[in-house]
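A short write-up of the structure that comes next.
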Amino acid sequence: MMFAKSIAMKLLYFGLSLLLCLSWGQLNVGAQSNELKVHRVMKELGVVPDVLKQPPKALLKMRFEDDTEIEEGKTYTPTDMKFQPRLEWLADADTYYTIVMLSPDAPSRENPMYRSWLHWLVVNVPGMDVAKGQVISEYFGPLPPKESGLLRYVALVYQQPDKLSFDEKKLDLKNAEGHSNFDVQKFTDKYEMGEPLAGNIFQSKWDSYVTELMKMLYDVDE
């Protein structure tokens with residue numbers, strides 16, 4: 001009787017161990033597939049080398065107000081991207097990060113004379129608490145011109161070596177100066193951040209909200 005009970009306990013222990021191993025394996029495969037996908041999509045859409053020398057190391061999760069979660073490379077409307085998203089990445093609470101969002105395709109992918117257009121820049125973010133970071137450029141969503149077709153939008157997270165003193169002035173949303181021709185590689189090299197830690201990419205094309213946003217920001221009718 002005792003022998004049978006011992007065998008049963010060993011089988012139960014083996015089964016639980018196997019289940020845990022399989023679960024961890026699935027999590028690791030999922031994480032690896034996310035990383036591989038963001039690498040692949042960044043390269044397929046030409047972000048490497050148009051914007052970056054190397055793709056980000058991991059996926060940056062982006063979720064907008066209506067629970068729209070960005071899937072790498074997919075297309076979303078400017079209306080979907082109206083408000084600042086919630087972000088999630090593998091962060092350390094004791095580390096500081098920089099958040100950048102830009103479009104390499106201003107005013108169009110065929111004629112990117114303003115590459116890259118800065119849509120969001122927050123520095124000295126403690127952990128994932130973006131609200132406690134230092135805002136250099138407040139968030140504003142995609143502004144694809146009416147005849148521009150699909151434009152790419154790239155969001156990136158960089159790990160800072162420490163909390164830094166940035167000598168960049170805060171940008172005015174209503175002034176194109178500072179937003180046009182933003183060189184993310186030059187900026188991150190200046191502050192010794194290295195390659196992006198996490199990132200995501202989506203595409204967008206004109207909808208009626210662009211007209212509203214252009215009027216609000218620049219007092220112009222598209």
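Going through the structure tokens in order, the chains are called A, B, and so on, while each chain numbers its residues from 1 and the ligands are numbered from 1 in the order shown.
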
Could you go through stretch 26-127 of chain A and tell me which residues DSSP, when run on the backbone, assigns to helix (DSSP H, G or I), listing them as a PyMOL selection string? chain A and resi 26-44+47-50

Per residue of stretch 73-119 of chain A within 10 Å of stretch 177-194 of chain A, what are the shortest atom pair and its distance in Å to one decimal, counting only C-alpha atoms, with rows by chain and residue number, as JSON lines?
{"residue": "A:Tyr97", "atom": "CA", "partner": "A:Met193", "partner_atom": "CA", "distance": 9.0}
{"residue": "A:Thr98", "atom": "CA", "partner": "A:Met193", "partner_atom": "CA", "distance": 8.8}
{"residue": "A:Val100", "atom": "CA", "partner": "A:Val184", "partner_atom": "CA", "distance": 8.1}
{"residue": "A:Met101", "atom": "CA", "partner": "A:Val184", "partner_atom": "CA", "distance": 9.6}
{"residue": "A:Leu102", "atom": "CA", "partner": "A:Phe182", "partner_atom": "CA", "distance": 8.2}
{"residue": "A:Ser103", "atom": "CA", "partner": "A:Phe182", "partner_atom": "CA", "distance": 9.5}
{"residue": "A:Pro104", "atom": "CA", "partner": "A:Asn181", "partner_atom": "CA", "distance": 8.7}
{"residue": "A:Ala106", "atom": "CA", "partner": "A:Ser180", "partner_atom": "CA", "distance": 8.3}
{"residue": "A:Pro112", "atom": "CA", "partner": "A:Asn181", "partner_atom": "CA", "distance": 9.4}
{"residue": "A:Met113", "atom": "CA", "partner": "A:Asn181", "partner_atom": "CA", "distance": 7.9}
{"residue": "A:Tyr114", "atom": "CA", "partner": "A:Asn181", "partner_atom": "CA", "distance": 4.9}
{"residue": "A:Arg115", "atom": "CA", "partner": "A:Asn181", "partner_atom": "CA", "distance": 4.8}
{"residue": "A:Ser116", "atom": "CA", "partner": "A:Asn181", "partner_atom": "CA", "distance": 4.7}
{"residue": "A:Trp117", "atom": "CA", "partner": "A:Ser180", "partner_atom": "CA", "distance": 4.7}
{"residue": "A:Leu118", "atom": "CA", "partner": "A:His179", "partner_atom": "CA", "distance": 4.6}
{"residue": "A:His119", "atom": "CA", "partner": "A:His179", "partner_atom": "CA", "distance": 7.2}

Generate a file of the selected residues that holds N, CA, C and O atoms, formatted as a PDB file, in the first residue's frame.
ATOM      1  N   TYR A  97      14.255  55.890 -18.522  1.00  0.00           N
ATOM      2  CA  TYR A  97      14.065  55.583 -19.936  1.00  0.00           C
ATOM      3  C   TYR A  97      13.663  56.832 -20.717  1.00  0.00           C
ATOM      4  O   TYR A  97      13.175  57.822 -20.144  1.00  0.00           O
ATOM      5  N   THR A  98      13.853  56.764 -22.030  1.00  0.00           N
ATOM      6  CA  THR A  98      13.397  57.802 -22.959  1.00  0.00           C
ATOM      7  C   THR A  98      12.396  57.191 -23.923  1.00  0.00           C
ATOM      8  O   THR A  98      12.619  56.101 -24.451  1.00  0.00           O
ATOM      9  N   VAL A 100      10.264  57.791 -27.468  1.00  0.00           N
ATOM     10  CA  VAL A 100      10.246  58.566 -28.714  1.00  0.00           C
ATOM     11  C   VAL A 100       9.198  57.978 -29.641  1.00  0.00           C
ATOM     12  O   VAL A 100       9.097  56.758 -29.784  1.00  0.00           O
ATOM     13  N   MET A 101       8.409  58.859 -30.282  1.00  0.00           N
ATOM     14  CA  MET A 101       7.538  58.414 -31.381  1.00  0.00           C
ATOM     15  C   MET A 101       7.743  59.370 -32.537  1.00  0.00           C
ATOM     16  O   MET A 101       7.739  60.596 -32.350  1.00  0.00           O
ATOM     17  N   LEU A 102       7.927  58.825 -33.732  1.00  0.00           N
ATOM     18  CA  LEU A 102       8.220  59.655 -34.899  1.00  0.00           C
ATOM     19  C   LEU A 102       7.685  59.007 -36.165  1.00  0.00           C
ATOM     20  O   LEU A 102       7.358  57.817 -36.191  1.00  0.00           O
ATOM     21  N   SER A 103       7.617  59.826 -37.212  1.00  0.00           N
ATOM     22  CA  SER A 103       7.274  59.322 -38.543  1.00  0.00           C
ATOM     23  C   SER A 103       8.420  59.614 -39.489  1.00  0.00           C
ATOM     24  O   SER A 103       8.810  60.780 -39.657  1.00  0.00           O
ATOM     25  N   PRO A 104       8.970  58.581 -40.117  1.00  0.00           N
ATOM     26  CA  PRO A 104      10.034  58.808 -41.099  1.00  0.00           C
ATOM     27  C   PRO A 104       9.514  59.238 -42.470  1.00  0.00           C
ATOM     28  O   PRO A 104      10.312  59.418 -43.393  1.00  0.00           O
ATOM     29  N   ALA A 106       7.372  61.986 -43.452  1.00  0.00           N
ATOM     30  CA  ALA A 106       6.727  63.292 -43.628  1.00  0.00           C
ATOM     31  C   ALA A 106       7.343  64.038 -44.820  1.00  0.00           C
ATOM     32  O   ALA A 106       8.560  64.176 -44.887  1.00  0.00           O
ATOM     33  N   PRO A 112      10.148  62.056 -48.404  1.00  0.00           N
ATOM     34  CA  PRO A 112      10.266  62.281 -46.958  1.00  0.00           C
ATOM     35  C   PRO A 112      11.213  63.445 -46.608  1.00  0.00           C
ATOM     36  O   PRO A 112      12.192  63.282 -45.878  1.00  0.00           O
ATOM     37  N   MET A 113      10.919  64.630 -47.105  1.00  0.00           N
ATOM     38  CA  MET A 113      11.825  65.762 -46.939  1.00  0.00           C
ATOM     39  C   MET A 113      11.944  66.216 -45.475  1.00  0.00           C
ATOM     40  O   MET A 113      12.911  66.886 -45.111  1.00  0.00           O
ATOM     41  N   TYR A 114      10.952  65.834 -44.639  1.00  0.00           N
ATOM     42  CA  TYR A 114      10.999  66.246 -43.231  1.00  0.00           C
ATOM     43  C   TYR A 114      11.359  65.085 -42.294  1.00  0.00           C
ATOM     44  O   TYR A 114      11.129  65.159 -41.095  1.00  0.00           O
ATOM     45  N   ARG A 115      11.903  64.008 -42.853  1.00  0.00           N
ATOM     46  CA  ARG A 115      12.274  62.854 -42.035  1.00  0.00           C
ATOM     47  C   ARG A 115      13.238  63.268 -40.923  1.00  0.00           C
ATOM     48  O   ARG A 115      14.254  63.872 -41.191  1.00  0.00           O
ATOM     49  N   SER A 116      12.980  62.854 -39.705  1.00  0.00           N
ATOM     50  CA  SER A 116      11.739  62.243 -39.216  1.00  0.00           C
ATOM     51  C   SER A 116      10.939  63.300 -38.454  1.00  0.00           C
ATOM     52  O   SER A 116      11.518  64.188 -37.841  1.00  0.00           O
ATOM     53  N   TRP A 117       9.608  63.177 -38.496  1.00  0.00           N
ATOM     54  CA  TRP A 117       8.752  64.135 -37.801  1.00  0.00           C
ATOM     55  C   TRP A 117       8.474  63.610 -36.391  1.00  0.00           C
ATOM     56  O   TRP A 117       7.991  62.499 -36.207  1.00  0.00           O
ATOM     57  N   LEU A 118       8.824  64.417 -35.391  1.00  0.00           N
ATOM     58  CA  LEU A 118       8.719  64.001 -33.997  1.00  0.00           C
ATOM     59  C   LEU A 118       7.294  64.167 -33.488  1.00  0.00           C
ATOM     60  O   LEU A 118       6.727  65.261 -33.529  1.00  0.00           O
ATOM     61  N   HIS A 119       6.710  63.087 -32.990  1.00  0.00           N
ATOM     62  CA  HIS A 119       5.341  63.117 -32.462  1.00  0.00           C
ATOM     63  C   HIS A 119       5.286  63.040 -30.938  1.00  0.00           C
ATOM     64  O   HIS A 119       4.235  63.326 -30.351  1.00  0.00           O
TER      65      HIS A 119
END

For stretch 70-76 of chain A, work out the shell of residues within 6 Å, counting only C-alpha atoms and skipping chain neighbours fewer than 2 positions away, then give it as an NGL selection string. :A and (62 or 200-204)

Which residues of stretch 37-58 of chain A come within 12 Å of stretch 132-151 of chain A, and for each one, what is the closest pair of atoms and their distance in Å to one decimal, counting only C-alpha atoms, sorted by chain and residue number, as a Markdown table?
| residue | atom | partner | partner_atom | distance |
| --- | --- | --- | --- | --- |
| A:Leu45 | CA | A:Leu151 | CA | 10.3 |
| A:Gly46 | CA | A:Leu151 | CA | 11.7 |
| A:Val47 | CA | A:Leu151 | CA | 11.5 |

Limited to N, CA and C atoms, could you put the picked residues into a file as a compact mmCIF listing (two decimals), in the first residue's frame?
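Result file is again17.txt:
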# COMPACT_ATOMS: atom_id res chain seq x y z
N LEU A 45 9.48 46.87 -43.33
CA LEU A 45 8.93 48.19 -43.62
C LEU A 45 10.02 49.25 -43.78
N GLY A 46 11.27 48.83 -43.74
CA GLY A 46 12.37 49.74 -44.06
C GLY A 46 12.77 50.69 -42.95
N VAL A 47 12.25 50.50 -41.74
CA VAL A 47 12.67 51.35 -40.62
C VAL A 47 14.16 51.18 -40.37

Residue set, chain A restricted to strand (DSSP E or B), as an MDAnalysis selection string: chainID A and resid 58:59 61:63 69 75 86:88 96:103 117:126 134:137 151:159 198:204

Kindly indicate which residue among A:Met81, A:Leu59, A:Leu197, A:Leu164 lies nearest to A:Arg40, using only C-alpha atoms for the distances.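 Going through A:Met81, A:Leu59, A:Leu197, A:Leu164 one by one, the smallest distance to A:Arg40 is for A:Leu59.
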
Can you tell me how far atom CA of A:Ala198 sits from atom CA of A:Leu90, in Å to one decimal?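 Pair atom CA of A:Ala198 / atom CA of A:Leu90 returns 8.3 Å.
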
With only C-alpha atoms as the atoms that count, which of A:Glu195, A:Asp50, A:Asp80, A:Asp172 lies nearest to A:Leu156? A:Glu195

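The interatomic distance for the pair atom CA of A:Arg109 and atom CA of A:Met216 works out to 24.5 Å.
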
Write out as number ranges by chain each polymer residue whose atoms come within 10 Å of A:Glu65, counting only C-alpha atoms; drop sequence neighbours fewer than 6 positions from it. A: 80-86

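Of the listed residues A:Pro196, A:Glu69, A:Ser165, A:Asn175, the one whose atoms come nearest to A:Ile99 is A:Pro196, with distances taken using only C-alpha atoms.
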
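In this model, the gap between atom CA of A:Ala131 and atom CA of A:Leu171 comes to 17.2 Å.
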
Need to verify the contact set: A:Lys61, 7 Å, only C-alpha atoms, exclusion of same-chain residues closer than 6 positions in sequence. Can you return it as a list of chain:residue names?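 What passes the distance filter is A:Leu87, A:Glu88, A:Trp89.
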
Go ahead and write the residues just picked, N, CA and C atoms, as a CSV table (one decimal), in the first residue's frame.
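Okay, result.csv is ready:
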chain,number,residue,atom,x,y,z
A,87,LEU,N,1.8,52.5,-22.3
A,87,LEU,CA,2.9,51.7,-22.8
A,87,LEU,C,3.3,50.6,-21.8
A,88,GLU,N,3.9,49.5,-22.3
A,88,GLU,CA,4.3,48.5,-21.5
A,88,GLU,C,5.6,47.8,-22.1
A,89,TRP,N,6.6,47.7,-21.3
A,89,TRP,CA,7.8,47.0,-21.8
A,89,TRP,C,8.5,46.4,-20.6

Give me the residues near A:Tyr96 as an MDAnalysis selection string, where near means some atom within 10 Å (using only C-alpha atoms) and where sequence neighbours in that chain fewer than 4 positions away do not count. chainID A and resid 91:92 123:129 133 158:164

Under the rule that only C-alpha atoms are counted, which of A:His39, A:Phe166, A:Thr79, A:Arg63 is the nearest residue to A:Leu213?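 Of A:His39, A:Phe166, A:Thr79, A:Arg63, the one nearest A:Leu213 is A:Thr79, counting only C-alpha atoms.
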